[in-house]
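For reference, the structure is listed below as structure tokens.
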Amino acid sequence: MNIFKLSPRQTPRATNTIFMNTKLFNEYISLLASLHAGFMSQHFSLVAHAVITAFEAEVGLLGETEEAAKYAAKRLSDYYSALVNNQPMANAKLKIIDDMMAQVVETLEWGIHINARLETIILNIKTI
Amino acid sequence: MDIKKLRFEMIMSLAFMHSELMDRVITVTPPANKYPKSAYADSVTADAHIIPDDKTACLYSVKRVRMLYMRLMETNENEELQAAYTVLTVVMKELELPYDAQFAITNALNRLNAFRREHGLAASVIVDMPDGIELMNAD
């Protein structure tokens with residue numbers, strides 16, 4: 001698949017949304033939301049669906065933009081780092097999520113097209 | 001006041017402020033209104049309750065909401081959003097100082113409640129502590 005090929009339905013909306021692939025963006029956000037919900041539902045009484053709704057609602061405020069993609073990653077990266085640094089017991093799963101989110105944040109800073117970055121991230125998360 | 005109650009009250013105050021503010025901001029920046037208003041409050045409280053250290057939990061919550069506002073302000077010139085960003089910056093800086101947790105969180109709570117009063121956000125909220133205790137916000 002040529003990740004740089006643009007769908008004819010994609011139209012530029014604002015400077016930082018130009019050529020953003022909506023499907024890829026939604027898949028990326030859903031993946032992060034599910035990952036977060038999976039962890040949260042194990043530790044908190046909120047059901048996974050509520051966590052996903054809350055996460056998507058918050059990111060949704062920023063629209064389907066590169067800034068929103070970065071915010072979503074930074075928010076989870078900061079959160080899991082705070083947990084890793086405060087957890088009274090060593091938690092291997094927590095450390096894996098923290099490392100992965102740090103990688104996602106780093107990948108989003110790469111100087112390649114946003115769609116390629118999102119594809120790389122989705123692939124990496126799915127293979128872990 | 002017990003530090004756990006104080007922490008809970010501070011985070012709830014932030015969560016309610018955030019959810020009410022987003023409700024106002026959303027009216028001028030559609031189309032994010034497909035989610036219930038409570039989702040914004042839930043996203044603050046759920047994350048924070050898991051962090052064991054009281055001061056870290058409060059600081060993380062403030063930083064996170066502040067980061068969101070910083071990004072929202074790039075495309076939204078809402079004055080309340082800017083005022084909230086300013087107050088959250090002050091609260092964040094204060095929480096970062098090496099003060100005792102009780103003192104730091106009390107300060108943060110007072111600032112958030114003052115902001116809510118000044119901007120006509122709900123002055124008092126009744127919330128349920130995780131252990132079932134009902135608590136009325138101080139202001």
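The chains in the structure tokens are called A, B, ... from first to last as shown; in each chain the residues are counted from 1, and the ligands are counted from 1 in the order shown.
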
Using only C-alpha atoms, which protein or nucleic acid residues come within 8 Å of Leu6 of chain B? Drop anything in the same chain fewer than 4 positions from it, and give the result as a PyMOL selection string. chain B and resi 1-2+10+102+105-106

Contacts between chain A and chain B, please, where a residue of chain B counts if it comes within 9 Å (with only C-alpha atoms); show its shortest atom pair and distance in Å to one decimal, rows by chain and ascending number, as CSV.
```
residue,atom,partner,partner_atom,distance
B:Met22,CA,A:Leu61,CA,8.7
B:Ile26,CA,A:Leu61,CA,7.8
B:Thr29,CA,A:Leu61,CA,8.2
B:Pro30,CA,A:Leu61,CA,8.5
B:Pro31,CA,A:Leu61,CA,8.2
B:Ala32,CA,A:Leu61,CA,5.7
B:Asn33,CA,A:Ala57,CA,8.5
B:Lys34,CA,A:Ala57,CA,8.1
B:Tyr35,CA,A:Ala57,CA,5.9
B:Pro36,CA,A:Ala57,CA,8.4
B:Ser38,CA,A:Ala54,CA,8.2
B:Ala39,CA,A:Ala54,CA,4.5
B:Tyr40,CA,A:Ala54,CA,5.9
B:Ala41,CA,A:Ala54,CA,8.1
B:Asp42,CA,A:Ala54,CA,6.3
B:Ser43,CA,A:Ala54,CA,5.0
B:Val44,CA,A:Ala54,CA,8.7
B:Ala46,CA,A:Phe44,CA,7.2
B:Asp47,CA,A:Tyr79,CA,7.6
B:Ala48,CA,A:Tyr79,CA,8.8
B:His49,CA,A:Phe44,CA,8.1
B:Ile50,CA,A:His43,CA,7.2
B:Ile51,CA,A:Leu83,CA,5.9
B:Pro52,CA,A:Asn86,CA,6.3
B:Asp53,CA,A:Asn86,CA,6.5
B:Thr56,CA,A:Ala82,CA,7.5
B:Ala57,CA,A:Ala82,CA,8.3
B:Tyr60,CA,A:Tyr79,CA,7.3
B:Arg64,CA,A:Arg75,CA,6.5
B:Met67,CA,A:Tyr71,CA,7.9
B:Leu68,CA,A:Tyr71,CA,7.3
B:Arg71,CA,A:Glu67,CA,7.4
B:Leu72,CA,A:Leu62,CA,6.3
B:Thr75,CA,A:Leu62,CA,8.7
```

Can those selected residues be exported to a file as a compact mmCIF listing (two decimals), in the first residue's frame so that it contains N, CA and C atoms?
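Once written, again.txt looks like this:
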```txt
# COMPACT_ATOMS: atom_id res chain seq x y z
N MET B 22 -15.98 23.47 29.13
CA MET B 22 -16.04 22.85 27.81
C MET B 22 -17.44 22.94 27.23
N ILE B 26 -17.69 24.58 23.74
CA ILE B 26 -18.20 23.75 22.66
C ILE B 26 -19.31 24.46 21.90
N THR B 29 -17.45 26.25 19.42
CA THR B 29 -16.58 25.47 18.54
C THR B 29 -17.18 24.09 18.27
N PRO B 30 -18.26 24.02 17.48
CA PRO B 30 -18.79 22.73 17.13
C PRO B 30 -17.77 21.99 16.24
N PRO B 31 -17.83 20.69 16.04
CA PRO B 31 -18.94 19.85 16.39
C PRO B 31 -18.54 18.78 17.40
N ALA B 32 -18.17 19.13 18.58
CA ALA B 32 -17.76 18.12 19.56
C ALA B 32 -18.88 17.80 20.55
N ASN B 33 -20.11 18.21 20.23
CA ASN B 33 -21.19 18.07 21.20
C ASN B 33 -21.92 16.73 21.17
N LYS B 34 -21.30 15.74 20.54
CA LYS B 34 -21.98 14.44 20.51
C LYS B 34 -21.73 13.65 21.79
N TYR B 35 -20.83 14.14 22.63
CA TYR B 35 -20.52 13.44 23.87
C TYR B 35 -21.24 14.10 25.06
N PRO B 36 -21.59 13.31 26.09
CA PRO B 36 -22.23 13.93 27.25
C PRO B 36 -21.24 14.81 28.00
N SER B 38 -20.67 15.07 31.02
CA SER B 38 -19.96 14.38 32.09
C SER B 38 -18.69 13.69 31.62
N ALA B 39 -18.59 13.44 30.31
CA ALA B 39 -17.41 12.75 29.79
C ALA B 39 -16.14 13.54 30.08
N TYR B 40 -16.25 14.87 30.00
CA TYR B 40 -15.06 15.70 30.24
C TYR B 40 -14.63 15.63 31.71
N ALA B 41 -15.62 15.59 32.60
CA ALA B 41 -15.29 15.47 34.03
C ALA B 41 -14.72 14.07 34.31
N ASP B 42 -15.33 13.06 33.71
CA ASP B 42 -14.85 11.69 33.92
C ASP B 42 -13.41 11.53 33.49
N SER B 43 -13.06 12.18 32.39
CA SER B 43 -11.71 11.99 31.87
C SER B 43 -10.66 12.57 32.82
N VAL B 44 -11.06 13.53 33.64
CA VAL B 44 -10.12 14.09 34.62
C VAL B 44 -10.05 13.20 35.86
N ALA B 46 -11.12 10.00 36.48
CA ALA B 46 -10.74 8.59 36.36
C ALA B 46 -9.23 8.42 36.39
N ASP B 47 -8.54 9.20 35.59
CA ASP B 47 -7.08 9.09 35.55
C ASP B 47 -6.46 9.42 36.90
N ALA B 48 -6.92 10.53 37.47
CA ALA B 48 -6.28 11.04 38.69
C ALA B 48 -6.43 10.11 39.88
N HIS B 49 -7.58 9.46 39.99
CA HIS B 49 -7.81 8.64 41.18
C HIS B 49 -6.84 7.47 41.31
N ILE B 50 -6.24 7.06 40.23
CA ILE B 50 -5.34 5.91 40.29
C ILE B 50 -3.94 6.30 40.78
N ILE B 51 -3.55 7.53 40.58
CA ILE B 51 -2.19 7.94 40.97
C ILE B 51 -2.09 7.95 42.51
N PRO B 52 -1.17 7.18 43.06
CA PRO B 52 -1.13 7.04 44.53
C PRO B 52 -0.78 8.34 45.29
N ASP B 53 0.21 9.05 44.83
CA ASP B 53 0.65 10.23 45.58
C ASP B 53 -0.33 11.40 45.38
N THR B 56 1.04 14.52 43.39
CA THR B 56 1.28 14.14 41.99
C THR B 56 -0.04 14.01 41.24
N ALA B 57 -1.04 13.44 41.89
CA ALA B 57 -2.35 13.27 41.25
C ALA B 57 -2.94 14.63 40.89
N TYR B 60 -0.75 16.30 38.10
CA TYR B 60 -0.96 15.66 36.80
C TYR B 60 -2.27 16.16 36.17
N ARG B 64 -2.56 18.29 32.70
CA ARG B 64 -3.24 17.69 31.57
C ARG B 64 -4.33 18.61 31.01
N MET B 67 -2.70 21.54 29.34
CA MET B 67 -2.15 21.19 28.03
C MET B 67 -3.25 21.19 26.96
N LEU B 68 -4.42 20.70 27.35
CA LEU B 68 -5.54 20.69 26.41
C LEU B 68 -5.97 22.12 26.06
N ARG B 71 -3.69 23.87 23.63
CA ARG B 71 -3.92 23.48 22.24
C ARG B 71 -5.24 24.06 21.71
N LEU B 72 -6.26 24.08 22.58
CA LEU B 72 -7.55 24.64 22.15
C LEU B 72 -7.42 26.13 21.83
N THR B 75 -6.77 27.66 18.26
CA THR B 75 -7.84 27.89 17.27
C THR B 75 -9.07 28.55 17.87
```

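Once segment 96-101 of chain A and its same-chain neighbours fewer than 3 positions away are set aside, Ala73, Leu76, Ser77, Tyr80, Ser81, Ala92, Lys93, Val104 and Val105 of chain A remain within 7 Å of it when counting only C-alpha atoms.
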
Save the residues we just selected, C-alpha atoms, as a PDB file, in the first residue's frame?
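Result saved to selection-v4.pdb:
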```pdb
ATOM      1  CA  ALA A  73      -0.168  10.690  22.727  1.00  0.00           C
ATOM      2  CA  LEU A  76      -1.214   9.195  27.816  1.00  0.00           C
ATOM      3  CA  SER A  77       2.576   9.336  27.876  1.00  0.00           C
ATOM      4  CA  TYR A  80       1.746   6.486  32.422  1.00  0.00           C
ATOM      5  CA  SER A  81       5.027   8.169  33.315  1.00  0.00           C
ATOM      6  CA  ALA A  92       5.916  -4.605  34.177  1.00  0.00           C
ATOM      7  CA  LYS A  93       2.731  -3.993  32.193  1.00  0.00           C
ATOM      8  CA  VAL A 104       4.422   7.124  20.009  1.00  0.00           C
ATOM      9  CA  VAL A 105       5.212  10.690  21.081  1.00  0.00           C
TER      10      VAL A 105
END
```

Would you please extract all alpha helix (DSSP H) residues from chain B, as assigned by DSSP on the backbone, and give them as a ChimeraX atom specification? /B:3-28,38-50,54-72,79-96,101-118

Export of prior selection with C-alpha atoms as a short mmCIF file (atom, residue, chain, number, x, y, z; two decimals), in the first residue's frame:
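This is the output file result_9.cif:
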```cif
data_model
loop_
_atom_site.label_atom_id
_atom_site.label_comp_id
_atom_site.auth_asym_id
_atom_site.auth_seq_id
_atom_site.Cartn_x
_atom_site.Cartn_y
_atom_site.Cartn_z
CA ILE B 3 -5.53 14.90 52.76
CA LYS B 4 -7.44 12.27 50.79
CA LYS B 5 -10.67 14.28 51.03
CA LEU B 6 -8.82 17.44 50.13
CA ARG B 7 -7.25 15.81 47.08
CA PHE B 8 -10.59 14.39 46.02
CA GLU B 9 -12.29 17.76 46.39
CA MET B 10 -9.58 19.55 44.42
CA ILE B 11 -9.74 17.08 41.54
CA MET B 12 -13.53 17.19 41.51
CA SER B 13 -13.43 20.98 41.50
CA LEU B 14 -11.12 20.89 38.49
CA ALA B 15 -13.26 18.26 36.77
CA PHE B 16 -16.48 20.25 37.22
CA MET B 17 -14.78 23.45 36.13
CA HIS B 18 -13.43 21.71 33.05
CA SER B 19 -16.70 20.09 32.12
CA GLU B 20 -18.72 23.30 32.53
CA LEU B 21 -16.14 25.33 30.66
CA MET B 22 -16.04 22.85 27.81
CA ASP B 23 -19.80 22.99 27.66
CA ARG B 24 -19.53 26.72 27.06
CA VAL B 25 -16.58 26.49 24.68
CA ILE B 26 -18.20 23.75 22.66
CA THR B 27 -21.15 26.00 21.91
CA VAL B 28 -18.76 28.23 19.97
CA SER B 38 -19.96 14.38 32.09
CA ALA B 39 -17.41 12.75 29.79
CA TYR B 40 -15.06 15.70 30.24
CA ALA B 41 -15.29 15.47 34.03
CA ASP B 42 -14.85 11.69 33.92
CA SER B 43 -11.71 11.99 31.87
CA VAL B 44 -10.12 14.09 34.62
CA THR B 45 -11.24 12.13 37.65
CA ALA B 46 -10.74 8.59 36.36
CA ASP B 47 -7.08 9.09 35.55
CA ALA B 48 -6.28 11.04 38.69
CA HIS B 49 -7.81 8.64 41.18
CA ILE B 50 -5.34 5.91 40.29
CA ASP B 54 -1.80 13.05 46.41
CA LYS B 55 0.24 15.97 45.16
CA THR B 56 1.28 14.14 41.99
CA ALA B 57 -2.35 13.27 41.25
CA CYS B 58 -3.40 16.92 41.57
CA LEU B 59 -0.42 18.18 39.58
CA TYR B 60 -0.96 15.66 36.80
CA SER B 61 -4.65 16.61 36.47
CA VAL B 62 -3.90 20.31 36.30
CA LYS B 63 -1.08 19.82 33.78
CA ARG B 64 -3.24 17.69 31.57
CA VAL B 65 -6.20 20.08 31.43
CA ARG B 66 -3.80 22.98 30.94
CA MET B 67 -2.15 21.19 28.03
CA LEU B 68 -5.54 20.69 26.41
CA TYR B 69 -6.46 24.35 26.84
CA MET B 70 -3.12 25.42 25.40
CA ARG B 71 -3.92 23.48 22.24
CA LEU B 72 -7.55 24.64 22.15
CA GLU B 79 -11.70 34.61 26.85
CA GLU B 80 -12.81 32.20 29.55
CA LEU B 81 -10.59 29.55 28.07
CA GLN B 82 -7.65 31.94 28.22
CA ALA B 83 -8.48 32.91 31.80
CA ALA B 84 -8.73 29.25 32.78
CA TYR B 85 -5.38 28.56 31.14
CA THR B 86 -3.83 31.38 33.16
CA VAL B 87 -5.22 30.16 36.46
CA LEU B 88 -4.18 26.59 35.71
CA THR B 89 -0.66 27.80 34.95
CA VAL B 90 -0.50 29.48 38.35
CA VAL B 91 -1.89 26.41 40.10
CA MET B 92 0.56 24.16 38.25
CA LYS B 93 3.55 26.32 39.19
CA GLU B 94 2.45 26.38 42.82
CA LEU B 95 1.96 22.64 42.95
CA GLU B 96 5.46 22.20 41.55
CA ALA B 101 1.00 18.48 50.07
CA GLN B 102 -1.78 19.64 52.40
CA PHE B 103 -0.81 23.29 52.00
CA ALA B 104 -0.24 23.04 48.24
CA ILE B 105 -3.52 21.24 47.51
CA THR B 106 -5.51 23.62 49.74
CA ASN B 107 -4.04 26.54 47.79
CA ALA B 108 -4.90 24.89 44.49
CA LEU B 109 -8.46 24.18 45.62
CA ASN B 110 -8.94 27.77 46.75
CA ARG B 111 -7.70 29.13 43.43
CA LEU B 112 -9.95 26.84 41.41
CA ASN B 113 -12.98 27.65 43.55
CA ALA B 114 -12.25 31.37 43.23
CA PHE B 115 -12.06 31.02 39.45
CA ARG B 116 -15.37 29.18 39.41
CA ARG B 117 -17.00 31.89 41.48
CA GLU B 118 -15.59 34.70 39.31
#
```

If I take atom CA of Glu119 of chain A and atom CA of Tyr28 of chain A, how far is one from the other in Å, to one decimal?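 Atom CA of Tyr28 of chain A lies at a distance of 8.3 Å from atom CA of Glu119 of chain A.
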
Atom pair atom CA of Ile122 of chain A + atom CA of Lys37 of chain B, distance 29.2 Å
